[in-house]
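Everything below belongs to final.pdb, which stores PDB, C-alpha atoms.
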ATOM      1  CA  MET A  86      -2.132  29.026  15.830
ATOM      2  CA  ALA A  87      -4.726  28.103  13.213
ATOM      3  CA  SER A  88      -7.925  30.133  13.365
ATOM      4  CA  THR A  89     -11.246  28.498  14.161
ATOM      5  CA  THR A  90     -12.352  29.283  10.618
ATOM      6  CA  HIS A  91      -9.308  27.468   9.185
ATOM      7  CA  ILE A  92      -9.951  24.424  11.362
ATOM      8  CA  VAL A  93     -13.618  24.300  10.354
ATOM      9  CA  THR A  94     -12.632  24.656   6.685
ATOM     10  CA  VAL A  95     -10.134  21.795   6.903
ATOM     11  CA  LEU A  96     -12.647  19.535   8.652
ATOM     12  CA  THR A  97     -15.278  20.420   6.051
ATOM     13  CA  ILE A  98     -12.893  19.508   3.216
ATOM     14  CA  LEU A  99     -11.958  16.238   4.911
ATOM     15  CA  SER A 100     -15.627  15.449   5.460
ATOM     16  CA  LEU A 101     -16.358  16.002   1.770
ATOM     17  CA  LEU A 102     -13.394  13.814   0.846
ATOM     18  CA  ALA A 103     -14.647  11.080   3.139
ATOM     19  CA  CYS A 104     -18.054  11.141   1.477
ATOM     20  CA  SER A 105     -17.005  11.637  -2.126
ATOM     21  CA  VAL A 106     -13.891   9.528  -2.730
ATOM     22  CA  ASN A 107     -15.941   6.382  -2.622
ATOM     23  CA  ALA A 108     -19.667   6.943  -2.785
ATOM     24  CA  GLN A 109     -20.329   3.517  -1.257
ATOM     25  CA  LEU A 110     -18.606   4.480   1.984
ATOM     26  CA  SER A 111     -20.121   6.940   4.433
ATOM     27  CA  SER A 112     -18.980   8.485   7.690
ATOM     28  CA  ASN A 113     -22.415   7.761   9.213
ATOM     29  CA  PHE A 114     -22.707   4.186   7.932
ATOM     30  CA  TYR A 115     -23.315   2.792  11.441
ATOM     31  CA  ALA A 116     -25.359   5.720  12.759
ATOM     32  CA  THR A 117     -28.392   3.555  13.440
ATOM     33  CA  THR A 118     -26.939   0.029  13.568
ATOM     34  CA  CYS A 119     -24.045   0.774  15.949
ATOM     35  CA  PRO A 120     -24.270   4.383  17.162
ATOM     36  CA  ASN A 121     -21.675   3.963  19.933
ATOM     37  CA  LEU A 122     -19.039   2.421  17.649
ATOM     38  CA  GLN A 123     -16.633   5.343  17.612
ATOM     39  CA  THR A 124     -16.829   5.773  21.374
ATOM     40  CA  ILE A 125     -16.052   2.084  21.887
ATOM     41  CA  VAL A 126     -13.048   2.259  19.575
ATOM     42  CA  ARG A 127     -11.734   5.511  21.062
ATOM     43  CA  ASN A 128     -12.021   4.215  24.637
ATOM     44  CA  ALA A 129     -10.177   0.994  23.789
ATOM     45  CA  MET A 130      -7.465   2.862  21.911
ATOM     46  CA  THR A 131      -7.045   5.307  24.777
ATOM     47  CA  GLN A 132      -6.423   2.383  27.108
ATOM     48  CA  ALA A 133      -4.018   0.743  24.664
ATOM     49  CA  VAL A 134      -1.996   3.917  23.978
ATOM     50  CA  ASN A 135      -1.833   4.758  27.669
ATOM     51  CA  LYS A 136      -0.395   1.293  28.266
ATOM     52  CA  GLU A 137       2.053   1.508  25.341
ATOM     53  CA  ALA A 138       2.378   4.672  23.249
ATOM     54  CA  ARG A 139       3.988   2.683  20.439
ATOM     55  CA  ILE A 140       0.637   1.073  19.648
ATOM     56  CA  GLY A 141      -0.355   4.227  17.756
ATOM     57  CA  ALA A 142       2.490   3.635  15.316
ATOM     58  CA  SER A 143       1.675  -0.072  15.172
ATOM     59  CA  MET A 144      -1.927   0.613  14.129
ATOM     60  CA  LEU A 145      -0.819   3.067  11.464
ATOM     61  CA  ARG A 146       1.597   0.539   9.969
ATOM     62  CA  LEU A 147      -0.982  -2.258  10.179
ATOM     63  CA  PHE A 148      -3.494  -0.148   8.282
ATOM     64  CA  PHE A 149      -0.965   0.876   5.624
ATOM     65  CA  HIS A 150       0.090  -2.745   5.061
ATOM     66  CA  ASP A 151      -3.570  -3.764   4.844
ATOM     67  CA  CYS A 152      -4.673  -1.083   2.392
ATOM     68  CA  PHE A 153      -1.718  -1.575   0.026
ATOM     69  CA  VAL A 154      -2.553  -5.270  -0.452
ATOM     70  CA  ASN A 155      -5.824  -5.643  -2.377
ATOM     71  CA  GLY A 156      -7.376  -2.687  -0.576
ATOM     72  CA  CYS A 157      -8.502  -1.862   2.971
ATOM     73  CA  ASP A 158     -10.216  -5.191   3.631
ATOM     74  CA  ALA A 159      -8.652  -6.458   6.900
ATOM     75  CA  SER A 160      -6.920  -9.294   5.042
ATOM     76  CA  ILE A 161      -3.776  -8.629   7.078
ATOM     77  CA  LEU A 162      -5.621  -9.671  10.241
ATOM     78  CA  LEU A 163      -6.220 -13.244   9.054
ATOM     79  CA  ASP A 164      -4.127 -15.961  10.709
ATOM     80  CA  ASP A 165      -2.442 -18.718   8.748
ATOM     81  CA  THR A 166      -4.025 -22.137   9.126
ATOM     82  CA  ALA A 167      -3.322 -25.588   7.721
ATOM     83  CA  THR A 168      -5.511 -24.729   4.724
ATOM     84  CA  PHE A 169      -5.137 -20.944   4.501
ATOM     85  CA  THR A 170      -2.104 -18.731   3.874
ATOM     86  CA  GLY A 171      -2.504 -15.194   5.119
ATOM     87  CA  GLU A 172      -0.294 -12.111   4.934
ATOM     88  CA  LYS A 173       1.193 -12.107   8.432
ATOM     89  CA  ASN A 174       4.207 -14.160   7.365
ATOM     90  CA  ALA A 175       5.008 -12.171   4.247
ATOM     91  CA  SER A 176       8.533 -10.801   4.446
ATOM     92  CA  PRO A 177       7.571  -7.171   5.296
ATOM     93  CA  ASN A 178       5.154  -8.386   8.005
ATOM     94  CA  ARG A 179       6.817 -11.349   9.692
ATOM     95  CA  ASN A 180       7.860 -10.545  13.275
ATOM     96  CA  SER A 181       7.178  -6.930  12.415
ATOM     97  CA  VAL A 182       3.522  -5.895  12.167
ATOM     98  CA  ARG A 183       1.847  -5.853  15.565
ATOM     99  CA  GLY A 184      -1.241  -4.672  17.399
ATOM    100  CA  PHE A 185      -3.482  -7.615  16.519
ATOM    101  CA  GLU A 186      -4.485  -8.122  20.169
ATOM    102  CA  VAL A 187      -5.736  -4.537  20.357
ATOM    103  CA  ILE A 188      -7.964  -5.122  17.329
ATOM    104  CA  ASP A 189      -9.194  -8.343  18.978
ATOM    105  CA  THR A 190     -10.117  -6.408  22.114
ATOM    106  CA  ILE A 191     -11.994  -3.750  20.177
ATOM    107  CA  LYS A 192     -13.810  -6.341  18.074
ATOM    108  CA  THR A 193     -14.936  -8.217  21.199
ATOM    109  CA  ARG A 194     -16.345  -5.025  22.709
ATOM    110  CA  VAL A 195     -18.046  -4.012  19.469
ATOM    111  CA  GLU A 196     -19.584  -7.475  19.023
ATOM    112  CA  ALA A 197     -20.977  -7.310  22.561
ATOM    113  CA  THR A 198     -22.855  -4.138  21.613
ATOM    114  CA  CYS A 199     -23.499  -4.553  17.879
ATOM    115  CA  ASN A 200     -23.381  -8.237  16.983
ATOM    116  CA  ALA A 201     -22.322  -9.152  13.421
ATOM    117  CA  THR A 202     -22.576  -5.543  12.252
ATOM    118  CA  VAL A 203     -19.185  -3.814  12.127
ATOM    119  CA  SER A 204     -16.358  -5.044   9.924
ATOM    120  CA  CYS A 205     -12.807  -5.588  11.110
ATOM    121  CA  ALA A 206     -11.710  -3.361   8.231
ATOM    122  CA  ASP A 207     -13.686  -0.442   9.641
ATOM    123  CA  ILE A 208     -12.451  -1.122  13.170
ATOM    124  CA  LEU A 209      -8.863  -0.962  11.922
ATOM    125  CA  ALA A 210      -9.550   2.283  10.049
ATOM    126  CA  LEU A 211     -11.025   3.915  13.160
ATOM    127  CA  ALA A 212      -8.342   2.573  15.498
ATOM    128  CA  THR A 213      -5.651   3.975  13.205
ATOM    129  CA  ARG A 214      -7.193   7.450  13.218
ATOM    130  CA  ASP A 215      -7.600   7.397  16.988
ATOM    131  CA  GLY A 216      -4.022   6.238  17.553
ATOM    132  CA  VAL A 217      -2.751   9.248  15.601
ATOM    133  CA  VAL A 218      -5.048  11.669  17.444
ATOM    134  CA  LEU A 219      -4.137  10.307  20.883
ATOM    135  CA  LEU A 220      -0.458  10.962  20.134
ATOM    136  CA  GLY A 221      -1.102  14.582  19.185
ATOM    137  CA  GLY A 222      -1.778  14.226  15.473
ATOM    138  CA  PRO A 223      -4.633  15.481  13.292
ATOM    139  CA  SER A 224      -8.094  13.992  13.132
ATOM    140  CA  TRP A 225     -10.097  13.155  10.021
ATOM    141  CA  ILE A 226     -13.553  11.882   9.153
ATOM    142  CA  VAL A 227     -13.281   8.118   8.602
ATOM    143  CA  PRO A 228     -15.470   6.830   5.763
ATOM    144  CA  LEU A 229     -17.141   3.580   6.840
ATOM    145  CA  GLY A 230     -18.950   0.658   5.275
ATOM    146  CA  ARG A 231     -16.053  -1.590   4.301
ATOM    147  CA  ARG A 232     -16.519  -5.321   4.463
ATOM    148  CA  ASP A 233     -13.949  -7.972   5.311
ATOM    149  CA  ALA A 234     -12.062 -10.100   2.809
ATOM    150  CA  ARG A 235     -12.420 -13.875   2.786
ATOM    151  CA  THR A 236      -9.036 -14.135   1.067
ATOM    152  CA  ALA A 237      -5.496 -12.834   1.511
ATOM    153  CA  SER A 238      -2.410 -12.519  -0.667
ATOM    154  CA  GLN A 239       0.998 -13.269   0.764
ATOM    155  CA  SER A 240       2.573 -12.673  -2.658
ATOM    156  CA  ALA A 241       1.111  -9.168  -2.893
ATOM    157  CA  ALA A 242       2.184  -8.462   0.680
ATOM    158  CA  ASN A 243       5.734  -9.422  -0.284
ATOM    159  CA  ASN A 244       5.687  -6.503  -2.726
ATOM    160  CA  LEU A 245       4.829  -3.753  -0.255
ATOM    161  CA  PRO A 246       6.917  -0.562  -0.541
ATOM    162  CA  SER A 247      10.377  -1.362   0.794
ATOM    163  CA  PRO A 248      12.569   0.612   3.225
ATOM    164  CA  PHE A 249      15.353   0.105   0.658
ATOM    165  CA  SER A 250      13.440   1.579  -2.317
ATOM    166  CA  ASP A 251      14.475   4.646  -4.292
ATOM    167  CA  LEU A 252      12.230   7.650  -4.887
ATOM    168  CA  ALA A 253      11.106   6.644  -8.390
ATOM    169  CA  THR A 254      10.047   3.188  -7.206
ATOM    170  CA  LEU A 255       8.150   4.550  -4.224
ATOM    171  CA  THR A 256       6.413   7.182  -6.335
ATOM    172  CA  SER A 257       5.342   4.522  -8.823
ATOM    173  CA  GLN A 258       4.024   2.188  -6.119
ATOM    174  CA  PHE A 259       1.962   4.924  -4.499
ATOM    175  CA  SER A 260       0.696   6.110  -7.877
ATOM    176  CA  ALA A 261      -0.526   2.584  -8.597
ATOM    177  CA  LYS A 262      -2.784   2.940  -5.535
ATOM    178  CA  GLY A 263      -4.158   6.303  -6.649
ATOM    179  CA  LEU A 264      -1.894   8.302  -4.350
ATOM    180  CA  SER A 265       0.163  11.251  -5.571
ATOM    181  CA  ALA A 266       3.789  12.005  -4.776
ATOM    182  CA  ARG A 267       2.506  14.632  -2.327
ATOM    183  CA  ASP A 268       0.321  12.007  -0.636
ATOM    184  CA  MET A 269       3.347   9.702  -0.429
ATOM    185  CA  THR A 270       5.522  12.331   1.217
ATOM    186  CA  ALA A 271       2.779  13.275   3.667
ATOM    187  CA  LEU A 272       2.020   9.644   4.546
ATOM    188  CA  SER A 273       5.726   8.964   5.054
ATOM    189  CA  GLY A 274       5.462  11.452   7.918
ATOM    190  CA  GLY A 275       3.806   8.656   9.854
ATOM    191  CA  HIS A 276       7.412   7.715  10.591
ATOM    192  CA  THR A 277       7.330  10.485  13.158
ATOM    193  CA  LEU A 278       6.080   7.571  15.301
ATOM    194  CA  GLY A 279       7.497   4.168  16.043
ATOM    195  CA  LEU A 280      10.629   2.081  15.779
ATOM    196  CA  ALA A 281      12.569   0.187  13.110
ATOM    197  CA  ARG A 282      14.750  -2.912  13.267
ATOM    198  CA  CYS A 283      18.509  -2.717  12.742
ATOM    199  CA  SER A 284      18.296  -5.008   9.708
ATOM    200  CA  LEU A 285      16.252  -2.334   7.917
ATOM    201  CA  PHE A 286      18.680   0.549   8.431
ATOM    202  CA  ARG A 287      22.108  -1.130   8.765
ATOM    203  CA  THR A 288      23.072  -0.449   5.149
ATOM    204  CA  ARG A 289      22.101   3.197   5.522
ATOM    205  CA  ILE A 290      24.167   3.919   8.636
ATOM    206  CA  TYR A 291      27.259   2.025   7.445
ATOM    207  CA  ASN A 292      27.338   2.510   3.669
ATOM    208  CA  GLU A 293      25.479   5.677   2.696
ATOM    209  CA  THR A 294      27.058   9.115   2.469
ATOM    210  CA  ASN A 295      24.010  11.415   2.599
ATOM    211  CA  ILE A 296      23.803  10.980   6.366
ATOM    212  CA  ASP A 297      24.794  13.108   9.336
ATOM    213  CA  SER A 298      27.966  11.519  10.730
ATOM    214  CA  ASN A 299      27.025  11.995  14.390
ATOM    215  CA  PHE A 300      23.635  10.446  13.745
ATOM    216  CA  ALA A 301      25.223   7.455  12.008
ATOM    217  CA  THR A 302      27.637   6.960  14.906
ATOM    218  CA  THR A 303      24.809   7.077  17.431
ATOM    219  CA  ARG A 304      22.743   4.507  15.555
ATOM    220  CA  ARG A 305      25.725   2.183  15.040
ATOM    221  CA  ALA A 306      26.039   1.851  18.824
ATOM    222  CA  ASN A 307      22.881  -0.268  18.874
ATOM    223  CA  CYS A 308      23.119  -1.716  15.363
ATOM    224  CA  PRO A 309      26.380  -3.579  14.786
ATOM    225  CA  ALA A 310      27.692  -4.327  11.313
ATOM    226  CA  SER A 311      26.643  -7.933  11.877
ATOM    227  CA  GLY A 312      24.209  -9.383  14.391
ATOM    228  CA  GLY A 313      21.568  -7.535  16.385
ATOM    229  CA  ASP A 314      19.112  -7.596  13.492
ATOM    230  CA  ASN A 315      16.119  -7.072  15.776
ATOM    231  CA  ASN A 316      17.616  -4.225  17.812
ATOM    232  CA  LEU A 317      15.289  -1.246  17.601
ATOM    233  CA  ALA A 318      15.818   2.466  16.997
ATOM    234  CA  PRO A 319      13.266   5.302  16.789
ATOM    235  CA  LEU A 320      12.313   6.307  13.266
ATOM    236  CA  GLU A 321      12.528   9.935  14.360
ATOM    237  CA  THR A 322      15.203  11.309  16.663
ATOM    238  CA  GLN A 323      13.313  13.748  18.877
ATOM    239  CA  THR A 324       9.721  12.792  19.763
ATOM    240  CA  SER A 325       9.045   9.251  18.527
ATOM    241  CA  ASN A 326       5.876   8.937  20.635
ATOM    242  CA  ARG A 327       4.472  12.293  19.553
ATOM    243  CA  PHE A 328       2.882  12.951  16.179
ATOM    244  CA  ASP A 329       4.537  16.080  14.792
ATOM    245  CA  ASN A 330       6.712  17.330  11.931
ATOM    246  CA  ASN A 331      10.093  16.494  13.479
ATOM    247  CA  TYR A 332      10.463  13.628  10.989
ATOM    248  CA  TYR A 333      10.882  16.201   8.213
ATOM    249  CA  LYS A 334      13.343  18.233  10.283
ATOM    250  CA  ASP A 335      15.378  15.031  10.558
ATOM    251  CA  LEU A 336      15.315  14.570   6.783
ATOM    252  CA  VAL A 337      16.552  18.118   6.182
ATOM    253  CA  ALA A 338      19.367  17.414   8.661
ATOM    254  CA  ARG A 339      20.236  14.115   6.862
ATOM    255  CA  ARG A 340      19.006  12.099   9.832
ATOM    256  CA  GLY A 341      16.441   9.935   8.058
ATOM    257  CA  LEU A 342      16.747   6.429   9.517
ATOM    258  CA  LEU A 343      15.613   4.416   6.498
ATOM    259  CA  HIS A 344      16.904   4.752   2.946
ATOM    260  CA  SER A 345      13.284   5.223   1.846
ATOM    261  CA  ASP A 346      12.974   8.143   4.267
ATOM    262  CA  GLN A 347      16.056  10.074   3.167
ATOM    263  CA  VAL A 348      15.292   9.706  -0.552
ATOM    264  CA  LEU A 349      12.457  12.169   0.053
ATOM    265  CA  PHE A 350      15.115  14.824   0.706
ATOM    266  CA  ASN A 351      18.117  14.103  -1.443
ATOM    267  CA  GLY A 352      18.121  16.564  -4.329
ATOM    268  CA  GLY A 353      14.906  15.217  -5.836
ATOM    269  CA  SER A 354      11.307  16.156  -6.566
ATOM    270  CA  GLN A 355      10.108  16.090  -2.939
ATOM    271  CA  ASP A 356      12.799  18.304  -1.399
ATOM    272  CA  ALA A 357      10.702  21.480  -1.451
ATOM    273  CA  LEU A 358       7.687  19.754   0.112
ATOM    274  CA  VAL A 359       9.824  18.156   2.833
ATOM    275  CA  ARG A 360      11.245  21.574   3.656
ATOM    276  CA  THR A 361       7.739  23.037   3.766
ATOM    277  CA  TYR A 362       6.551  20.357   6.174
ATOM    278  CA  SER A 363       9.676  20.796   8.310
ATOM    279  CA  ASN A 364       8.741  24.448   8.799
ATOM    280  CA  ASN A 365       4.962  24.141   8.922
ATOM    281  CA  ASN A 366       3.394  21.469  11.110
ATOM    282  CA  ALA A 367      -0.129  22.622  10.217
ATOM    283  CA  ALA A 368       0.520  22.085   6.508
ATOM    284  CA  PHE A 369       1.837  18.587   7.204
ATOM    285  CA  ALA A 370      -1.072  17.700   9.494
ATOM    286  CA  SER A 371      -3.653  18.852   6.949
ATOM    287  CA  ASP A 372      -2.021  16.976   4.061
ATOM    288  CA  PHE A 373      -1.511  13.852   6.168
ATOM    289  CA  ALA A 374      -5.176  13.740   7.167
ATOM    290  CA  ALA A 375      -6.346  14.203   3.575
ATOM    291  CA  ALA A 376      -3.950  11.495   2.356
ATOM    292  CA  MET A 377      -5.184   9.097   5.042
ATOM    293  CA  VAL A 378      -8.751   9.546   3.796
ATOM    294  CA  LYS A 379      -7.573   8.764   0.256
ATOM    295  CA  MET A 380      -5.620   5.709   1.400
ATOM    296  CA  SER A 381      -8.559   4.429   3.434
ATOM    297  CA  ASN A 382     -10.631   4.369   0.246
ATOM    298  CA  ILE A 383      -8.349   2.025  -1.688
ATOM    299  CA  SER A 384     -10.510  -0.745  -3.194
ATOM    300  CA  PRO A 385     -12.901  -1.399  -0.302
ATOM    301  CA  LEU A 386     -15.270  -4.339  -0.361
ATOM    302  CA  THR A 387     -18.832  -3.030  -0.075
ATOM    303  CA  GLY A 388     -22.423  -4.105  -0.494
ATOM    304  CA  THR A 389     -22.606  -7.901  -0.536
ATOM    305  CA  ASN A 390     -18.923  -8.446  -1.304
ATOM    306  CA  GLY A 391     -16.846 -10.002   1.435
ATOM    307  CA  GLU A 392     -18.359 -10.493   4.870
ATOM    308  CA  ILE A 393     -18.575  -9.130   8.397
ATOM    309  CA  ARG A 394     -16.163 -11.346  10.321
ATOM    310  CA  ARG A 395     -17.152 -12.415  13.827
ATOM    311  CA  ASN A 396     -13.500 -12.964  14.671
ATOM    312  CA  CYS A 397     -10.988 -10.747  12.855
ATOM    313  CA  ARG A 398      -8.431 -13.571  12.675
ATOM    314  CA  VAL A 399     -10.548 -16.074  10.727
ATOM    315  CA  VAL A 400     -13.158 -16.048   7.999
ATOM    316  CA  ASN A 401     -16.676 -16.942   9.118
TER
END
Same coordinates, now as structure tokens:
Amino acid sequence: MASTTHIVTVLTILSLLACSVNAQLSSNFYATTCPNLQTIVRNAMTQAVNKEARIGASMLRLFFHDCFVNGCDASILLDDTATFTGEKNASPNRNSVRGFEVIDTIKTRVEATCNATVSCADILALATRDGVVLLGGPSWIVPLGRRDARTASQSAANNLPSPFSDLATLTSQFSAKGLSARDMTALSGGHTLGLARCSLFRTRIYNETNIDSNFATTRRANCPASGGDNNLAPLETQTSNRFDNNYYKDLVARRGLLHSDQVLFNGGSQDALVRTYSNNNAAFASDFAAAMVKMSNISPLTGTNGEIRRNCRVVN
């Protein structure tokens, strides 16, 4: 078990990261304007996760898909209208990203206490952290002060990292966002939570050879060679509603569900790190938390840029 000193050291490092990665963001941004913000978000997320544990994974994916498209600016929350094309119907998001109603609930509660003060982007960042913590994962200091985008980019959303990508492509895409290969491998551990659709792993379980045969047979039972595209399977075989390092144990055992999962352990540059994480949950948790702080600082809108949306689904 980690010593108290180690825990304090990790939290201190994460706090410094939260303050230094982007000087315009601050963990105490709402200290005077909305002091109960984090309590409001945590209470709402506790209710949501208790109702459906999967919502923790949904928030994490929502945040990732937001931050990788023009930065962490809540653009993914915007609905399409007759005159506005958002990101919800981009190929990686359509009938896939979820959890919007939970963000709506949190925003309503925050507005009732701190009107026109807290951005949807910051609410999503906090909700994501809390979802991970409530499912047994690490905590981190969330830098705050983001503002909300008035625009969205469906074309950029169509180029999100793909479950069919190879290691070189994934590494390049993460690097373009200021994230290292180590960050990428740690963040991929978010797949310890949640589910994936048959259409995203069919090729892997039928055509690929670097896969445990018993695992492939099990997954084929609910993912036929044709049809059943929306049938779901857990991204991790053992504890898909618990945040832990079993995802990496699956990779070492050739039980990665997605092609983009197993490429992290397939004779390449990330094999040693995957093995480390598979044997050391504390190392994974620490690296994951630090990588989440880095990801949350991708190109935020600050100062007078963007706006503070009253309704997360529409621009003011």
Problem set entry | Residues selected by the PyMOL selection byres ((chain A and resi 146) around 12), written as an NGL selection string | :A and (139-145 or 147-153 or 161 or 177-178 or 181-185 or 209-210 or 212-214 or 216-217 or 245-246 or 272-281 or 377)
For this session: Counting all atoms listed in the file, figure out which residue out of A:Asp268, A:Asp335, A:Asp165, A:Asp297 gets nearest to Thr256 (chain A).
Result: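 Of all the options, A:Asp268 lies closest to Thr256 (chain A).
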For this session: Compile the contact shell of Asn113 (chain A) as a list in words: residues with an atom at most 10 Å away, counting only C-alpha atoms, same-chain residues fewer than 4 positions apart removed.
Result: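 Counting only C-alpha atoms, the residues come to Cys104, Thr117, Thr118, Cys119, Pro120, Ile226, Val227, Pro228, Leu229 and Gly230 of chain A.
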Exercise. Pick the closest to Gln355 (chain A) from A:Thr236, A:Ser284, A:Ser381, A:Ser265: which is it, counting all atoms listed in the file?
Worked result: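 Once distances to Gln355 (chain A) are computed over all atoms listed in the file, the minimum belongs to A:Ser265.
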List the spatial neighbours of region 329-333 of chain A as a PDB file with C-alpha atoms, keeping the file's coordinate frame - criterion: any atom at most 12 Å away, only C-alpha atoms, same-chain residues fewer than 5 positions off excluded.
ATOM      1  CA  VAL A 217      -2.751   9.248  15.601  1.00  0.00           C
ATOM      2  CA  VAL A 218      -5.048  11.669  17.444  1.00  0.00           C
ATOM      3  CA  LEU A 220      -0.458  10.962  20.134  1.00  0.00           C
ATOM      4  CA  GLY A 221      -1.102  14.582  19.185  1.00  0.00           C
ATOM      5  CA  GLY A 222      -1.778  14.226  15.473  1.00  0.00           C
ATOM      6  CA  PRO A 223      -4.633  15.481  13.292  1.00  0.00           C
ATOM      7  CA  THR A 270       5.522  12.331   1.217  1.00  0.00           C
ATOM      8  CA  ALA A 271       2.779  13.275   3.667  1.00  0.00           C
ATOM      9  CA  LEU A 272       2.020   9.644   4.546  1.00  0.00           C
ATOM     10  CA  SER A 273       5.726   8.964   5.054  1.00  0.00           C
ATOM     11  CA  GLY A 274       5.462  11.452   7.918  1.00  0.00           C
ATOM     12  CA  GLY A 275       3.806   8.656   9.854  1.00  0.00           C
ATOM     13  CA  HIS A 276       7.412   7.715  10.591  1.00  0.00           C
ATOM     14  CA  THR A 277       7.330  10.485  13.158  1.00  0.00           C
ATOM     15  CA  LEU A 278       6.080   7.571  15.301  1.00  0.00           C
ATOM     16  CA  GLY A 279       7.497   4.168  16.043  1.00  0.00           C
ATOM     17  CA  PRO A 319      13.266   5.302  16.789  1.00  0.00           C
ATOM     18  CA  LEU A 320      12.313   6.307  13.266  1.00  0.00           C
ATOM     19  CA  GLU A 321      12.528   9.935  14.360  1.00  0.00           C
ATOM     20  CA  THR A 322      15.203  11.309  16.663  1.00  0.00           C
ATOM     21  CA  GLN A 323      13.313  13.748  18.877  1.00  0.00           C
ATOM     22  CA  THR A 324       9.721  12.792  19.763  1.00  0.00           C
ATOM     23  CA  ALA A 338      19.367  17.414   8.661  1.00  0.00           C
ATOM     24  CA  ARG A 339      20.236  14.115   6.862  1.00  0.00           C
ATOM     25  CA  ARG A 340      19.006  12.099   9.832  1.00  0.00           C
ATOM     26  CA  GLY A 341      16.441   9.935   8.058  1.00  0.00           C
ATOM     27  CA  LEU A 342      16.747   6.429   9.517  1.00  0.00           C
ATOM     28  CA  LEU A 343      15.613   4.416   6.498  1.00  0.00           C
ATOM     29  CA  ASP A 346      12.974   8.143   4.267  1.00  0.00           C
ATOM     30  CA  GLN A 347      16.056  10.074   3.167  1.00  0.00           C
ATOM     31  CA  VAL A 348      15.292   9.706  -0.552  1.00  0.00           C
ATOM     32  CA  LEU A 349      12.457  12.169   0.053  1.00  0.00           C
ATOM     33  CA  PHE A 350      15.115  14.824   0.706  1.00  0.00           C
ATOM     34  CA  GLN A 355      10.108  16.090  -2.939  1.00  0.00           C
ATOM     35  CA  ASP A 356      12.799  18.304  -1.399  1.00  0.00           C
ATOM     36  CA  ALA A 357      10.702  21.480  -1.451  1.00  0.00           C
ATOM     37  CA  LEU A 358       7.687  19.754   0.112  1.00  0.00           C
ATOM     38  CA  VAL A 359       9.824  18.156   2.833  1.00  0.00           C
ATOM     39  CA  ARG A 360      11.245  21.574   3.656  1.00  0.00           C
ATOM     40  CA  THR A 361       7.739  23.037   3.766  1.00  0.00           C
ATOM     41  CA  TYR A 362       6.551  20.357   6.174  1.00  0.00           C
ATOM     42  CA  SER A 363       9.676  20.796   8.310  1.00  0.00           C
ATOM     43  CA  ASN A 364       8.741  24.448   8.799  1.00  0.00           C
ATOM     44  CA  ASN A 365       4.962  24.141   8.922  1.00  0.00           C
ATOM     45  CA  ASN A 366       3.394  21.469  11.110  1.00  0.00           C
ATOM     46  CA  ALA A 367      -0.129  22.622  10.217  1.00  0.00           C
ATOM     47  CA  ALA A 368       0.520  22.085   6.508  1.00  0.00           C
ATOM     48  CA  PHE A 369       1.837  18.587   7.204  1.00  0.00           C
ATOM     49  CA  ALA A 370      -1.072  17.700   9.494  1.00  0.00           C
ATOM     50  CA  SER A 371      -3.653  18.852   6.949  1.00  0.00           C
ATOM     51  CA  ASP A 372      -2.021  16.976   4.061  1.00  0.00           C
ATOM     52  CA  PHE A 373      -1.511  13.852   6.168  1.00  0.00           C
TER      53      PHE A 373
END
Exercise. By how many Å are CA of Ala318 (chain A) and CA of Thr303 (chain A) apart?
Worked result: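 Rounded to one decimal, the two atoms are 10.1 Å apart.
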Taking all atoms of region 337-354 of chain A that the file lists, what box with edges along x, y and z, padded by 5 Å per side, do you get, with centre and edge lengths in Å to one decimal, as JSON?
{"center_x": 15.8, "center_y": 11.3, "center_z": 1.6, "size_x": 18.9, "size_y": 23.7, "size_z": 26.4}
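Counting all atoms listed in the file and comparing A:Leu336, A:Val126, A:Ala375, A:Ala237, the residue that lies closest to Trp225 (chain A) is A:Ala375.
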